[in-house]
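Heads up, the thing below is written out as structure tokens.
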Amino acid sequence: MLKVQLRSMLVTSLRDKITLFYSLLLPIVLMFGLAIYIDKPEQQLRIICGITAISTVFWGMQGIAFQVHWQRSRGVYKLLKLTPMPLMQFIAVMIVARTVIGVAMNWSIWLIGMLSFGMKLTAWSIGLTLLVIVIGTICFTSIGFVIANAARNEAQINMLSNLLQMPMIFMSSAFYSLNGAPDWVAFVGRLLPFEHYTNLISTMQSAGSSISILSLIVLVLYIMIAILIASITFRWDTNQLMLKSSTA
Amino acid sequence: MYIEAKALVKQFGLRTIVNNMDVSIQANEIIAIIGPNGAGKSTMLEMLIGLQKPSSGTIWYWDSGFKGKIGVQLQAVPFFPALSAMENLLLFASFYKKSISKEEAMNCLEICGIQDAAHTEAVKLSGGQQKRLAIAVAIMHEPTLIFLDEPTAALDPRNRQDIHNLMLELQQQGKTIVFTSHDMDEVHQLATRVLVIDHGKIIAAGEPAELCNKYDAASLTQLYMKLTREDESYA
């Protein structure tokens with residue numbers, strides 16, 4: 001039965017063409033578009049890692065938020081409530097399915113970038129990047145769940161996602177150095193998960209490099225907090241108020 | 001007895017939608033719940049199936065694991081986008097912890113007359129087909145008790161007749177059905193017991209013929225007009 005659920009969630013996600021476009025095709029095009037104008041390998045590496053991170057964010061946050069919203073507004077969760085299926089199991093299956101696809105896509109984007117621009121690949125960097133992408137995808141998918149609960153419609157999903165994504169991306173050192181930026185920009189950036197995610201991906205690229213424990217802890221903390229908020233604020237249907245008992 | 005609800009009350013703010021209702025559901029009945037729009041039919045149904053919590057009152061179920069033994073078709077037909085009718089059916093079966101094969105799922109779609117649409121995306125089906133699929137979802141796990149909220153609303157006469165035949169067939173198989181409807185001919189044809197609800201209260205209950213005799217009405221339509229008109233004159 002779990003197999004049927006996992007398969008169905010995988011199929012639902014893979015048939016979501018718009019999200020696939022934003023999370024797979026657009027990042028690849030963007031990566032090549034930016035990288036061909038840059039000769040310096042370290043800058044190209046920064047772009048590859050930054051684009052991989054952006055793809056993770058788009059897939060995780062907007063993707064899951066829209067999926068949850070569609071299912072909720074069509075009354076799927078209302079019907080789910082009438083079945084013996086525990087809600088947490090369903091949410092877990094959905095997160096696993098999206099994580100599997102997200103990781104496959106983001107890892108492919110990173111690999112395509114690394115191979116196309118002649119970057120050195122080691123078993124160490126390939127393995128650790130995969131691990132970091134798994135953690136990052138779970139992190140941003142969990143945040144996406146919170147957005148899905150907070151938003152009442154598609155427009156609000158876009159608004160809330162942008163509200164979180166824009167500062168995360170622009171206050172990070174994903175594409176440029178923040179050395180010349182005001183202290184507060186770097187400080188706020190370090191409070192957000194994107195900076196730590198890009199930091200982890202980019203530091204994985206040299207053999208023997210040590211993983212940043214702090215960045216890892218920040219991502220895990222975000223996962224835990226987001227899952228907690230998502231379960232508290234979960235709504236069975238669009239009319240139900242957030243933070244009201246789910247049985248009401 | 002499957003369900004016994006006593007003194008059910010449901011309030012939304014200051015509005016009382018269901019006001020002190022007693023309802024019991026016996027085995028092998030087809031119970032029709034009728035009443036004007038906003039009378040409290042769907043709210044009562046949603047409380048009985050566990051979708052809404054009563055503000056006060058108690059509901060007793062025959063089995064602690066009743067969730068897996070009831071089938072529900074809601075007014076809004078909810079399906080997973082991007083999945084076909086068949087895929088939706090298989091997925092919902094898994095929610096009921098039931099593993100069904102594709103052949104069994106196809107058989108269920110065939111019973112509901114939508115086998116041709118098995119591989120069409122569920123959300124792209126016509127209104128009638130979606131209604132049939134919702135009924136297929138409600139019956140595919142072979143529930144003992146089936147709740148249908150306006151199962152024939154907005155269907156053409158042929159689709160309507162097919163659903164009627166299906167409901168009678170399910171009753172012959174020993175299932176109990178509770179449904180809401182605005183079609184009095186349908187209620188007369190199918191129901192073994194009728195509950196007339198208005199302003200959140202059950203204002204009449206009994207077998208269709210018995211009710212018509214009691215209120216001196218030639219048909220259920222007349223009975224409905226009479227009871228709801230009389231009720232309104234009290235307001």
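So you can find residues: chains in the structure tokens are A, B, ... in the order shown, residues in each start at 1, and ligands are numbered from 1 in order.
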
### Query
If we count only C-alpha atoms, what is near Ala117 of chain B at a cut-off of 9 Å, once residues fewer than 2 positions away on the same chain are taken out, given as a PyMOL selection string?
chain B and resi 84-86+109+114-115+119-122+125+129

### Task
Check the DSSP output for the backbone and give back, as a ChimeraX atom specification, the residues of segment 26-241 of chain A in helix (DSSP H, G or I).
/A:26-35,41-73,76-81,87-116,123-150,154-170,183-191,193-203,213-233

### Message
Based on only C-alpha atoms, which of the residues in chain A come within 10 Å of chain B? I want them as an NGL selection string.
### Response
:A and (1-9 or 11-16 or 67 or 70-86 or 90 or 236 or 246-248)

### Message
Report as a PyMOL selection string all protein, DNA and RNA residues lying within 9 Å of Trp107 of chain A, evaluated on only C-alpha atoms, omitting residues in the same chain fewer than 4 positions from it.
### Response
chain A and resi 52+102-103+111-112+126+129-130+133

Write out, as a short mmCIF file (atom, residue, chain, number, x, y, z; two decimals), in the first residue's frame, the residues just selected, with N, CA and C atoms.
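File produced: part.cif:
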data_model
loop_
_atom_site.label_atom_id
_atom_site.label_comp_id
_atom_site.auth_asym_id
_atom_site.auth_seq_id
_atom_site.Cartn_x
_atom_site.Cartn_y
_atom_site.Cartn_z
N THR A 52 22.22 25.24 -8.53
CA THR A 52 21.73 23.99 -7.92
C THR A 52 20.90 24.32 -6.68
N GLY A 102 13.29 15.63 -6.30
CA GLY A 102 14.09 16.85 -6.14
C GLY A 102 15.57 16.56 -6.11
N VAL A 103 15.94 15.54 -5.35
CA VAL A 103 17.38 15.19 -5.24
C VAL A 103 17.90 14.73 -6.60
N LEU A 111 25.63 17.85 -11.52
CA LEU A 111 26.54 16.99 -12.30
C LEU A 111 26.73 17.53 -13.71
N ILE A 112 25.60 17.94 -14.34
CA ILE A 112 25.67 18.48 -15.71
C ILE A 112 26.62 19.68 -15.73
N ILE A 126 31.10 13.91 -4.99
CA ILE A 126 29.82 13.40 -5.52
C ILE A 126 28.94 12.89 -4.37
N THR A 129 27.93 15.83 -1.88
CA THR A 129 26.97 16.75 -2.49
C THR A 129 25.58 16.11 -2.49
N LEU A 130 25.54 14.83 -2.78
CA LEU A 130 24.26 14.12 -2.76
C LEU A 130 23.62 14.21 -1.37
N ILE A 133 22.36 17.73 -0.75
CA ILE A 133 21.14 18.01 -1.54
C ILE A 133 19.92 17.34 -0.89
#
